[in-house]
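Asks: Just so it is clear, I am handing over final.pdb, which has PDB, C-alpha atoms.
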ATOM      1  CA  MET A   1     141.149  63.672  85.456  1.00  0.00           C
ATOM      2  CA  THR A   2     138.840  61.413  87.453  1.00  0.00           C
ATOM      3  CA  THR A   3     135.243  60.746  86.518  1.00  0.00           C
ATOM      4  CA  SER A   4     132.613  59.825  89.091  1.00  0.00           C
ATOM      5  CA  PHE A   5     130.432  56.938  88.011  1.00  0.00           C
ATOM      6  CA  ARG A   6     126.899  56.268  89.161  1.00  0.00           C
ATOM      7  CA  ARG A   7     125.255  52.889  89.608  1.00  0.00           C
ATOM      8  CA  ALA A   8     123.382  52.475  86.361  1.00  0.00           C
ATOM      9  CA  PRO A   9     121.238  50.002  84.448  1.00  0.00           C
ATOM     10  CA  ASP A  10     123.060  47.612  82.127  1.00  0.00           C
ATOM     11  CA  PHE A  11     122.384  49.779  79.066  1.00  0.00           C
ATOM     12  CA  ASP A  12     124.274  52.677  80.705  1.00  0.00           C
ATOM     13  CA  ARG A  13     127.171  50.653  82.084  1.00  0.00           C
ATOM     14  CA  ARG A  14     128.917  50.282  78.733  1.00  0.00           C
ATOM     15  CA  THR A  15     129.033  54.061  78.344  1.00  0.00           C
ATOM     16  CA  ASP A  16     130.358  54.500  81.874  1.00  0.00           C
ATOM     17  CA  LEU A  17     133.064  51.900  81.283  1.00  0.00           C
ATOM     18  CA  ILE A  18     134.095  53.500  77.995  1.00  0.00           C
ATOM     19  CA  GLU A  19     134.366  56.888  79.713  1.00  0.00           C
ATOM     20  CA  ALA A  20     136.476  55.320  82.471  1.00  0.00           C
ATOM     21  CA  THR A  21     138.712  53.801  79.804  1.00  0.00           C
ATOM     22  CA  MET A  22     139.149  57.183  78.160  1.00  0.00           C
ATOM     23  CA  ASP A  23     140.160  58.703  81.503  1.00  0.00           C
ATOM     24  CA  CYS A  24     142.692  55.919  82.042  1.00  0.00           C
ATOM     25  CA  ILE A  25     144.161  56.413  78.572  1.00  0.00           C
ATOM     26  CA  VAL A  26     144.629  60.138  79.259  1.00  0.00           C
ATOM     27  CA  GLU A  27     146.396  59.350  82.535  1.00  0.00           C
ATOM     28  CA  LEU A  28     148.242  56.111  81.705  1.00  0.00           C
ATOM     29  CA  GLY A  29     148.426  55.793  77.926  1.00  0.00           C
ATOM     30  CA  ILE A  30     147.125  52.825  75.958  1.00  0.00           C
ATOM     31  CA  GLN A  31     149.785  50.409  77.181  1.00  0.00           C
ATOM     32  CA  GLY A  32     149.254  51.372  80.799  1.00  0.00           C
ATOM     33  CA  THR A  33     145.478  51.047  80.580  1.00  0.00           C
ATOM     34  CA  SER A  34     144.514  47.603  81.849  1.00  0.00           C
ATOM     35  CA  VAL A  35     141.182  45.995  82.630  1.00  0.00           C
ATOM     36  CA  ARG A  36     142.106  46.297  86.297  1.00  0.00           C
ATOM     37  CA  ALA A  37     142.858  50.022  85.972  1.00  0.00           C
ATOM     38  CA  VAL A  38     139.543  50.650  84.242  1.00  0.00           C
ATOM     39  CA  ALA A  39     137.679  48.603  86.843  1.00  0.00           C
ATOM     40  CA  THR A  40     139.273  50.639  89.619  1.00  0.00           C
ATOM     41  CA  LYS A  41     138.454  53.918  87.865  1.00  0.00           C
ATOM     42  CA  ALA A  42     134.835  52.886  87.316  1.00  0.00           C
ATOM     43  CA  GLY A  43     134.396  51.242  90.720  1.00  0.00           C
ATOM     44  CA  VAL A  44     133.344  47.878  89.255  1.00  0.00           C
ATOM     45  CA  SER A  45     134.741  44.360  89.065  1.00  0.00           C
ATOM     46  CA  ASN A  46     137.074  43.096  86.343  1.00  0.00           C
ATOM     47  CA  GLY A  47     134.411  40.540  85.505  1.00  0.00           C
ATOM     48  CA  LEU A  48     131.843  43.199  84.661  1.00  0.00           C
ATOM     49  CA  ILE A  49     134.205  44.749  82.133  1.00  0.00           C
ATOM     50  CA  ARG A  50     134.958  41.388  80.547  1.00  0.00           C
ATOM     51  CA  HIS A  51     131.223  40.655  80.461  1.00  0.00           C
ATOM     52  CA  HIS A  52     130.560  43.777  78.380  1.00  0.00           C
ATOM     53  CA  PHE A  53     133.719  43.896  76.243  1.00  0.00           C
ATOM     54  CA  ALA A  54     135.406  40.460  76.441  1.00  0.00           C
ATOM     55  CA  SER A  55     138.918  41.933  76.112  1.00  0.00           C
ATOM     56  CA  LYS A  56     141.044  45.008  76.665  1.00  0.00           C
ATOM     57  CA  GLU A  57     141.422  45.359  72.894  1.00  0.00           C
ATOM     58  CA  ASN A  58     137.660  45.660  72.443  1.00  0.00           C
ATOM     59  CA  LEU A  59     137.449  48.195  75.246  1.00  0.00           C
ATOM     60  CA  ILE A  60     140.231  50.351  73.792  1.00  0.00           C
ATOM     61  CA  ALA A  61     138.649  50.241  70.324  1.00  0.00           C
ATOM     62  CA  GLU A  62     135.320  51.349  71.792  1.00  0.00           C
ATOM     63  CA  ALA A  63     137.101  54.220  73.543  1.00  0.00           C
ATOM     64  CA  TYR A  64     138.605  55.334  70.236  1.00  0.00           C
ATOM     65  CA  GLY A  65     135.208  55.129  68.564  1.00  0.00           C
ATOM     66  CA  ARG A  66     133.715  57.240  71.344  1.00  0.00           C
ATOM     67  CA  THR A  67     136.502  59.828  71.005  1.00  0.00           C
ATOM     68  CA  ILE A  68     135.902  60.161  67.273  1.00  0.00           C
ATOM     69  CA  ALA A  69     132.145  60.393  67.870  1.00  0.00           C
ATOM     70  CA  ILE A  70     132.688  63.336  70.235  1.00  0.00           C
ATOM     71  CA  ILE A  71     134.791  65.071  67.577  1.00  0.00           C
ATOM     72  CA  THR A  72     132.595  64.409  64.534  1.00  0.00           C
ATOM     73  CA  GLY A  73     129.136  63.878  66.046  1.00  0.00           C
ATOM     74  CA  PRO A  74     128.033  67.522  66.499  1.00  0.00           C
ATOM     75  CA  PRO A  75     129.065  68.739  63.019  1.00  0.00           C
ATOM     76  CA  LEU A  76     127.614  65.637  61.348  1.00  0.00           C
ATOM     77  CA  ALA A  77     124.307  66.179  63.169  1.00  0.00           C
ATOM     78  CA  ILE A  78     124.248  69.766  61.895  1.00  0.00           C
ATOM     79  CA  ALA A  79     124.969  68.637  58.338  1.00  0.00           C
ATOM     80  CA  ALA A  80     122.044  66.202  58.507  1.00  0.00           C
ATOM     81  CA  GLY A  81     119.680  68.695  60.148  1.00  0.00           C
ATOM     82  CA  ASP A  82     117.510  71.580  59.052  1.00  0.00           C
ATOM     83  CA  GLY A  83     118.551  75.013  57.833  1.00  0.00           C
ATOM     84  CA  SER A  84     119.789  76.754  54.723  1.00  0.00           C
ATOM     85  CA  PRO A  85     123.052  75.471  53.218  1.00  0.00           C
ATOM     86  CA  ARG A  86     124.848  78.661  54.277  1.00  0.00           C
ATOM     87  CA  GLU A  87     123.563  78.480  57.864  1.00  0.00           C
ATOM     88  CA  LYS A  88     124.368  74.788  58.162  1.00  0.00           C
ATOM     89  CA  LEU A  89     127.889  75.286  56.839  1.00  0.00           C
ATOM     90  CA  ARG A  90     128.520  78.119  59.301  1.00  0.00           C
ATOM     91  CA  ARG A  91     127.257  76.012  62.214  1.00  0.00           C
ATOM     92  CA  PHE A  92     129.213  72.999  60.934  1.00  0.00           C
ATOM     93  CA  ILE A  93     132.447  74.997  61.014  1.00  0.00           C
ATOM     94  CA  ILE A  94     131.766  76.312  64.521  1.00  0.00           C
ATOM     95  CA  ALA A  95     130.965  72.825  65.843  1.00  0.00           C
ATOM     96  CA  SER A  96     134.128  71.412  64.254  1.00  0.00           C
ATOM     97  CA  ILE A  97     136.519  73.708  66.111  1.00  0.00           C
ATOM     98  CA  SER A  98     134.832  74.744  69.366  1.00  0.00           C
ATOM     99  CA  GLY A  99     132.729  73.373  72.197  1.00  0.00           C
ATOM    100  CA  PRO A 100     133.261  69.797  73.474  1.00  0.00           C
ATOM    101  CA  VAL A 101     135.723  69.004  70.692  1.00  0.00           C
ATOM    102  CA  ALA A 102     138.132  71.662  71.982  1.00  0.00           C
ATOM    103  CA  GLU A 103     138.481  70.217  75.480  1.00  0.00           C
ATOM    104  CA  PRO A 104     142.096  69.275  76.428  1.00  0.00           C
ATOM    105  CA  ARG A 105     140.981  65.731  77.304  1.00  0.00           C
ATOM    106  CA  ILE A 106     139.789  65.154  73.736  1.00  0.00           C
ATOM    107  CA  LEU A 107     143.055  66.436  72.259  1.00  0.00           C
ATOM    108  CA  SER A 108     145.037  64.114  74.556  1.00  0.00           C
ATOM    109  CA  LEU A 109     142.915  61.149  73.522  1.00  0.00           C
ATOM    110  CA  TRP A 110     143.105  62.004  69.826  1.00  0.00           C
ATOM    111  CA  ALA A 111     146.893  62.397  69.960  1.00  0.00           C
ATOM    112  CA  THR A 112     147.255  59.056  71.713  1.00  0.00           C
ATOM    113  CA  PHE A 113     145.009  57.190  69.310  1.00  0.00           C
ATOM    114  CA  ILE A 114     146.170  58.803  66.065  1.00  0.00           C
ATOM    115  CA  SER A 115     149.680  57.467  66.600  1.00  0.00           C
ATOM    116  CA  GLN A 116     148.227  53.956  66.488  1.00  0.00           C
ATOM    117  CA  VAL A 117     146.003  54.285  63.419  1.00  0.00           C
ATOM    118  CA  HIS A 118     148.610  53.000  60.961  1.00  0.00           C
ATOM    119  CA  ILE A 119     149.526  49.963  63.059  1.00  0.00           C
ATOM    120  CA  ASN A 120     146.135  48.925  64.423  1.00  0.00           C
ATOM    121  CA  ASP A 121     143.620  47.570  61.915  1.00  0.00           C
ATOM    122  CA  ARG A 122     140.580  48.322  64.072  1.00  0.00           C
ATOM    123  CA  PHE A 123     141.687  51.886  64.677  1.00  0.00           C
ATOM    124  CA  ARG A 124     142.377  52.327  60.972  1.00  0.00           C
ATOM    125  CA  GLU A 125     138.860  51.183  60.059  1.00  0.00           C
ATOM    126  CA  ILE A 126     137.227  53.457  62.655  1.00  0.00           C
ATOM    127  CA  HIS A 127     139.323  56.384  61.418  1.00  0.00           C
ATOM    128  CA  ARG A 128     138.571  55.684  57.766  1.00  0.00           C
ATOM    129  CA  THR A 129     134.824  55.346  58.331  1.00  0.00           C
ATOM    130  CA  GLN A 130     134.548  58.583  60.290  1.00  0.00           C
ATOM    131  CA  TYR A 131     136.851  60.495  57.949  1.00  0.00           C
ATOM    132  CA  VAL A 132     134.760  59.452  54.938  1.00  0.00           C
ATOM    133  CA  ALA A 133     131.548  60.502  56.724  1.00  0.00           C
ATOM    134  CA  TYR A 134     132.968  63.895  57.705  1.00  0.00           C
ATOM    135  CA  ARG A 135     134.365  64.589  54.249  1.00  0.00           C
ATOM    136  CA  ALA A 136     131.068  63.567  52.656  1.00  0.00           C
ATOM    137  CA  ALA A 137     129.312  66.074  54.918  1.00  0.00           C
ATOM    138  CA  CYS A 138     131.808  68.764  53.844  1.00  0.00           C
ATOM    139  CA  ARG A 139     131.122  67.930  50.224  1.00  0.00           C
ATOM    140  CA  SER A 140     127.342  68.052  50.657  1.00  0.00           C
ATOM    141  CA  LEU A 141     127.433  71.385  52.464  1.00  0.00           C
ATOM    142  CA  ILE A 142     129.762  72.953  49.901  1.00  0.00           C
ATOM    143  CA  GLN A 143     127.554  71.720  47.077  1.00  0.00           C
ATOM    144  CA  GLY A 144     124.497  73.207  48.762  1.00  0.00           C
ATOM    145  CA  VAL A 145     126.158  76.583  49.215  1.00  0.00           C
ATOM    146  CA  VAL A 146     127.478  76.840  45.659  1.00  0.00           C
ATOM    147  CA  GLU A 147     124.130  75.765  44.215  1.00  0.00           C
ATOM    148  CA  GLU A 148     122.407  78.339  46.426  1.00  0.00           C
ATOM    149  CA  ASN A 149     124.708  80.928  44.860  1.00  0.00           C
ATOM    150  CA  ARG A 150     124.082  79.588  41.336  1.00  0.00           C
ATOM    151  CA  VAL A 151     127.742  78.694  40.858  1.00  0.00           C
ATOM    152  CA  ARG A 152     128.678  75.815  38.575  1.00  0.00           C
ATOM    153  CA  ILE A 153     131.282  73.432  39.979  1.00  0.00           C
ATOM    154  CA  SER A 154     132.723  70.183  38.649  1.00  0.00           C
ATOM    155  CA  ALA A 155     132.789  66.924  40.605  1.00  0.00           C
ATOM    156  CA  ASP A 156     136.591  67.160  40.835  1.00  0.00           C
ATOM    157  CA  GLU A 157     136.457  70.712  42.171  1.00  0.00           C
ATOM    158  CA  LEU A 158     133.857  69.690  44.742  1.00  0.00           C
ATOM    159  CA  HIS A 159     136.027  66.761  45.818  1.00  0.00           C
ATOM    160  CA  HIS A 160     139.102  68.961  46.174  1.00  0.00           C
ATOM    161  CA  LEU A 161     137.227  71.622  48.120  1.00  0.00           C
ATOM    162  CA  SER A 162     135.832  69.047  50.553  1.00  0.00           C
ATOM    163  CA  ILE A 163     139.362  67.799  51.270  1.00  0.00           C
ATOM    164  CA  ALA A 164     140.597  71.373  51.709  1.00  0.00           C
ATOM    165  CA  LEU A 165     137.757  72.304  54.060  1.00  0.00           C
ATOM    166  CA  ASN A 166     138.408  69.184  56.120  1.00  0.00           C
ATOM    167  CA  ALA A 167     142.106  70.066  56.327  1.00  0.00           C
ATOM    168  CA  ILE A 168     141.327  73.640  57.416  1.00  0.00           C
ATOM    169  CA  MET A 169     139.070  72.388  60.201  1.00  0.00           C
ATOM    170  CA  ASP A 170     141.630  69.826  61.380  1.00  0.00           C
ATOM    171  CA  GLY A 171     144.473  72.319  61.385  1.00  0.00           C
ATOM    172  CA  LEU A 172     142.536  75.103  63.069  1.00  0.00           C
ATOM    173  CA  TRP A 173     141.150  72.723  65.705  1.00  0.00           C
ATOM    174  CA  LEU A 174     144.640  71.490  66.502  1.00  0.00           C
ATOM    175  CA  GLU A 175     146.122  75.001  66.539  1.00  0.00           C
ATOM    176  CA  GLY A 176     143.359  76.220  68.835  1.00  0.00           C
ATOM    177  CA  CYS A 177     143.813  73.325  71.249  1.00  0.00           C
ATOM    178  CA  LEU A 178     147.575  73.815  71.421  1.00  0.00           C
ATOM    179  CA  SER A 179     147.428  77.617  71.642  1.00  0.00           C
ATOM    180  CA  ALA A 180     144.407  78.109  73.899  1.00  0.00           C
ATOM    181  CA  GLU A 181     146.072  80.986  75.747  1.00  0.00           C
ATOM    182  CA  GLU A 182     146.557  82.922  72.510  1.00  0.00           C
ATOM    183  CA  ILE A 183     143.493  81.858  70.512  1.00  0.00           C
ATOM    184  CA  ASP A 184     140.174  81.992  72.332  1.00  0.00           C
ATOM    185  CA  ALA A 185     137.007  80.390  70.973  1.00  0.00           C
ATOM    186  CA  ALA A 186     135.687  83.603  69.409  1.00  0.00           C
ATOM    187  CA  LEU A 187     138.934  84.262  67.526  1.00  0.00           C
ATOM    188  CA  GLN A 188     139.175  80.649  66.445  1.00  0.00           C
ATOM    189  CA  ILE A 189     135.653  80.762  65.016  1.00  0.00           C
ATOM    190  CA  GLU A 190     136.365  84.087  63.292  1.00  0.00           C
ATOM    191  CA  ILE A 191     139.471  82.634  61.655  1.00  0.00           C
ATOM    192  CA  GLY A 192     137.669  79.462  60.641  1.00  0.00           C
ATOM    193  CA  LEU A 193     134.735  81.236  59.036  1.00  0.00           C
ATOM    194  CA  GLY A 194     137.049  83.650  57.249  1.00  0.00           C
ATOM    195  CA  ALA A 195     139.240  80.842  55.902  1.00  0.00           C
ATOM    196  CA  VAL A 196     136.263  78.942  54.503  1.00  0.00           C
ATOM    197  CA  GLU A 197     134.784  82.111  53.009  1.00  0.00           C
ATOM    198  CA  ARG A 198     138.043  82.718  51.149  1.00  0.00           C
ATOM    199  CA  LEU A 199     138.219  79.088  50.074  1.00  0.00           C
ATOM    200  CA  LEU A 200     134.705  79.116  48.625  1.00  0.00           C
ATOM    201  CA  GLY A 201     134.441  82.775  47.619  1.00  0.00           C
ATOM    202  CA  ILE A 202     131.208  83.308  49.588  1.00  0.00           C
ATOM    203  CA  LYS A 203     130.087  85.055  52.781  1.00  0.00           C
ATOM    204  CA  LEU A 204     128.875  83.003  55.740  1.00  0.00           C
ATOM    205  CA  GLY A 205     128.160  85.771  58.252  1.00  0.00           C
ATOM    206  CA  ARG A 206     129.579  86.194  61.699  1.00  0.00           C
ATOM    207  CA  GLU A 207     126.832  85.191  64.129  1.00  0.00           C
ATOM    208  CA  VAL A 208     128.769  83.341  66.819  1.00  0.00           C
ATOM    209  CA  PRO A 209     126.814  81.357  69.448  1.00  0.00           C
ATOM    210  CA  ALA A 210     127.216  82.501  73.050  1.00  0.00           C
TER
END
Before anything else, please render the file you have as structure tokens.
Replies:
Amino acid sequence: MTTSFRRAPDFDRRTDLIEATMDCIVELGIQGTSVRAVATKAGVSNGLIRHHFASKENLIAEAYGRTIAIITGPPLAIAAGDGSPREKLRRFIIASISGPVAEPRILSLWATFISQVHINDRFREIHRTQYVAYRAACRSLIQGVVEENRVRISADELHHLSIALNAIMDGLWLEGCLSAEEIDAALQIEIGLGAVERLLGIKLGREVPA
């Protein structure tokens, strides 16, 4: 996949260079992605990349951070936004398994990066920070829904349910990405909502965005 880059002010150039890096990683892998390759992809000089990022390692770490932001950003924004707990949880689930997160490019990037998390300290810290934020959002949404339904739940139960919900979203997202010909977005959302309803013992409704 090749991305076309516009001439942009300095504050946009970092984003363009990160996107070019992500494209290179999809095509060449982390080892094959060099400053020169990114410069060629973005249509800029090597010096401009070094000016903004200083090293290939910094550039790759920024690309991983951007990948995780694409995956977790929409659901986290929903969790922090307005709406009833039930509505927010439904929208959170949908955003976690469909839309931009389900694009093949994102799966390729995630698969490449995740293999490095346990051997790269910077990747591990990015992963840990985002995982904690996502699980905290799961916990908050579950708590809101159970309180809305006047159900008592212990701190341990809430913790366990947040881990389980996170695991359901991860697994269903991965299954949907790998089986796109068999599982379309509507079916994936239907399965996701149903799984969380059974997990929590509540009804979320079935309004699916167009």
Asks: Could you list, as a CSV table (one decimal) with C-alpha atoms, in the coordinates of the input, every residue matched by the PyMOL selection byres ((chain A and resi 33) around 12) in this structure?
Replies:
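The result, written out as part-v7.csv:
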chain,number,residue,atom,x,y,z
A,18,ILE,CA,134.1,53.5,78.0
A,20,ALA,CA,136.5,55.3,82.5
A,21,THR,CA,138.7,53.8,79.8
A,22,MET,CA,139.1,57.2,78.2
A,23,ASP,CA,140.2,58.7,81.5
A,24,CYS,CA,142.7,55.9,82.0
A,25,ILE,CA,144.2,56.4,78.6
A,26,VAL,CA,144.6,60.1,79.3
A,27,GLU,CA,146.4,59.4,82.5
A,28,LEU,CA,148.2,56.1,81.7
A,29,GLY,CA,148.4,55.8,77.9
A,30,ILE,CA,147.1,52.8,76.0
A,31,GLN,CA,149.8,50.4,77.2
A,32,GLY,CA,149.3,51.4,80.8
A,34,SER,CA,144.5,47.6,81.8
A,35,VAL,CA,141.2,46.0,82.6
A,36,ARG,CA,142.1,46.3,86.3
A,37,ALA,CA,142.9,50.0,86.0
A,38,VAL,CA,139.5,50.6,84.2
A,39,ALA,CA,137.7,48.6,86.8
A,40,THR,CA,139.3,50.6,89.6
A,41,LYS,CA,138.5,53.9,87.9
A,56,LYS,CA,141.0,45.0,76.7
A,57,GLU,CA,141.4,45.4,72.9
A,59,LEU,CA,137.4,48.2,75.2
A,60,ILE,CA,140.2,50.4,73.8
A,63,ALA,CA,137.1,54.2,73.5
Asks: For the atom pair CA of Leu158 in chain A and CA of Gly201 in chain A, what is the interatomic distance in Å to one decimal place?
Replies: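 Those two atoms sit 13.4 Å apart.
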Asks: What does the structure give for the distance between CA of Ala155 in chain A and CA of Lys88 in chain A, in Å to one decimal?
Replies: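 Separation between CA of Ala155 in chain A and CA of Lys88 in chain A: 21.0 Å.
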Asks: Take every atom of range 85-104 of chain A listed in the file, fit an axis-aligned box around them, add 8 Å per side, and give the centre and edge lengths in Å to one decimal as AutoDock Vina command-line options.
Replies:
--center_x 132.6 --center_y 73.8 --center_z 64.8 --size_x 35.0 --size_y 25.7 --size_z 39.2
Asks: List the residues matched by the PyMOL selection byres ((chain A and resi 94) around 10) in the displayed structure as a short mmCIF file (atom, residue, chain, number, x, y, z; two decimals) with C-alpha atoms, in the frame of the given file, ordered by chain and then by residue number.
Replies:
data_model
loop_
_atom_site.label_atom_id
_atom_site.label_comp_id
_atom_site.auth_asym_id
_atom_site.auth_seq_id
_atom_site.Cartn_x
_atom_site.Cartn_y
_atom_site.Cartn_z
CA PRO A 74 128.03 67.52 66.50
CA PRO A 75 129.06 68.74 63.02
CA LYS A 88 124.37 74.79 58.16
CA LEU A 89 127.89 75.29 56.84
CA ARG A 90 128.52 78.12 59.30
CA ARG A 91 127.26 76.01 62.21
CA PHE A 92 129.21 73.00 60.93
CA ILE A 93 132.45 75.00 61.01
CA ALA A 95 130.96 72.82 65.84
CA SER A 96 134.13 71.41 64.25
CA ILE A 97 136.52 73.71 66.11
CA SER A 98 134.83 74.74 69.37
CA GLY A 99 132.73 73.37 72.20
CA MET A 169 139.07 72.39 60.20
CA ALA A 185 137.01 80.39 70.97
CA ALA A 186 135.69 83.60 69.41
CA GLN A 188 139.18 80.65 66.44
CA ILE A 189 135.65 80.76 65.02
CA GLU A 190 136.36 84.09 63.29
CA GLY A 192 137.67 79.46 60.64
CA LEU A 193 134.74 81.24 59.04
CA VAL A 208 128.77 83.34 66.82
CA PRO A 209 126.81 81.36 69.45
#
Asks: Report, in Å with one decimal, the straight-line distance from CA of Gly73 in chain A to CA of Leu187 in chain A.
Replies: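 Between CA of Gly73 in chain A and CA of Leu187 in chain A the gap is 22.7 Å.
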Asks: Just want the 10 Å neighbourhood of range 127-132 of chain A, counted on only C-alpha atoms, with same-chain residues fewer than 4 positions away dropped. Output as a ChimeraX atom specification.
Replies: /A:64-65,68-69,71-73,76,113-114,117-118,121-123,136-138,166
Asks: Could those residues be written to a file, using C-alpha atoms, as an mmCIF file, in the frame of the given file?
Replies:
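The result, written out as out-v2.cif:
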data_model
loop_
_atom_site.group_PDB
_atom_site.id
_atom_site.type_symbol
_atom_site.label_atom_id
_atom_site.label_comp_id
_atom_site.auth_asym_id
_atom_site.auth_seq_id
_atom_site.Cartn_x
_atom_site.Cartn_y
_atom_site.Cartn_z
ATOM 1 C CA TYR A 64 138.605 55.334 70.236
ATOM 2 C CA GLY A 65 135.208 55.129 68.564
ATOM 3 C CA ILE A 68 135.902 60.161 67.273
ATOM 4 C CA ALA A 69 132.145 60.393 67.870
ATOM 5 C CA ILE A 71 134.791 65.071 67.577
ATOM 6 C CA THR A 72 132.595 64.409 64.534
ATOM 7 C CA GLY A 73 129.136 63.878 66.046
ATOM 8 C CA LEU A 76 127.614 65.637 61.348
ATOM 9 C CA PHE A 113 145.009 57.190 69.310
ATOM 10 C CA ILE A 114 146.170 58.803 66.065
ATOM 11 C CA VAL A 117 146.003 54.285 63.419
ATOM 12 C CA HIS A 118 148.610 53.000 60.961
ATOM 13 C CA ASP A 121 143.620 47.570 61.915
ATOM 14 C CA ARG A 122 140.580 48.322 64.072
ATOM 15 C CA PHE A 123 141.687 51.886 64.677
ATOM 16 C CA ALA A 136 131.068 63.567 52.656
ATOM 17 C CA ALA A 137 129.312 66.074 54.918
ATOM 18 C CA CYS A 138 131.808 68.764 53.844
ATOM 19 C CA ASN A 166 138.408 69.184 56.120
#
Asks: For Leu107 in chain A, find every residue with an atom within 8 Å (counting only C-alpha atoms), except residues of its own chain fewer than 6 positions away, and show them as a ChimeraX atom specification.
Replies: /A:101,174,177
Asks: Nearest to Arg14 in chain A among A:Ser140, A:Asn58, A:Ser154, A:Asn149, with distances taken over all atoms listed in the file: which residue is it?
Replies: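 The answer is A:Asn58, which sits nearest to Arg14 in chain A.
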Asks: Of the residues A:Leu200, A:Ala42, A:Ile126, A:Ala111, which is the one nearest to Leu178 in chain A, using all atoms listed in the file?
Replies: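 Of A:Leu200, A:Ala42, A:Ile126, A:Ala111, the one nearest Leu178 in chain A is A:Ala111, counting all atoms listed in the file.
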Asks: With a distance cut-off of 10 Å and all atoms listed in the file, select the neighbouring residues of Ile202 in chain A, excluding the residue or stretch itself and same-chain residues fewer than 6 positions from it, and output the selection as an MDAnalysis selection string.
Replies: chainID A and resid 86 145:146 149 194 196
Asks: Store the residues of this selection in a file with C-alpha atoms, as a JSON list (two decimals), in the coordinates of the input.
Replies:
[["chain", "number", "residue", "atom", "x", "y", "z"],
["A", 86, "ARG", "CA", 124.85, 78.66, 54.28],
["A", 145, "VAL", "CA", 126.16, 76.58, 49.22],
["A", 146, "VAL", "CA", 127.48, 76.84, 45.66],
["A", 149, "ASN", "CA", 124.71, 80.93, 44.86],
["A", 194, "GLY", "CA", 137.05, 83.65, 57.25],
["A", 196, "VAL", "CA", 136.26, 78.94, 54.50]]
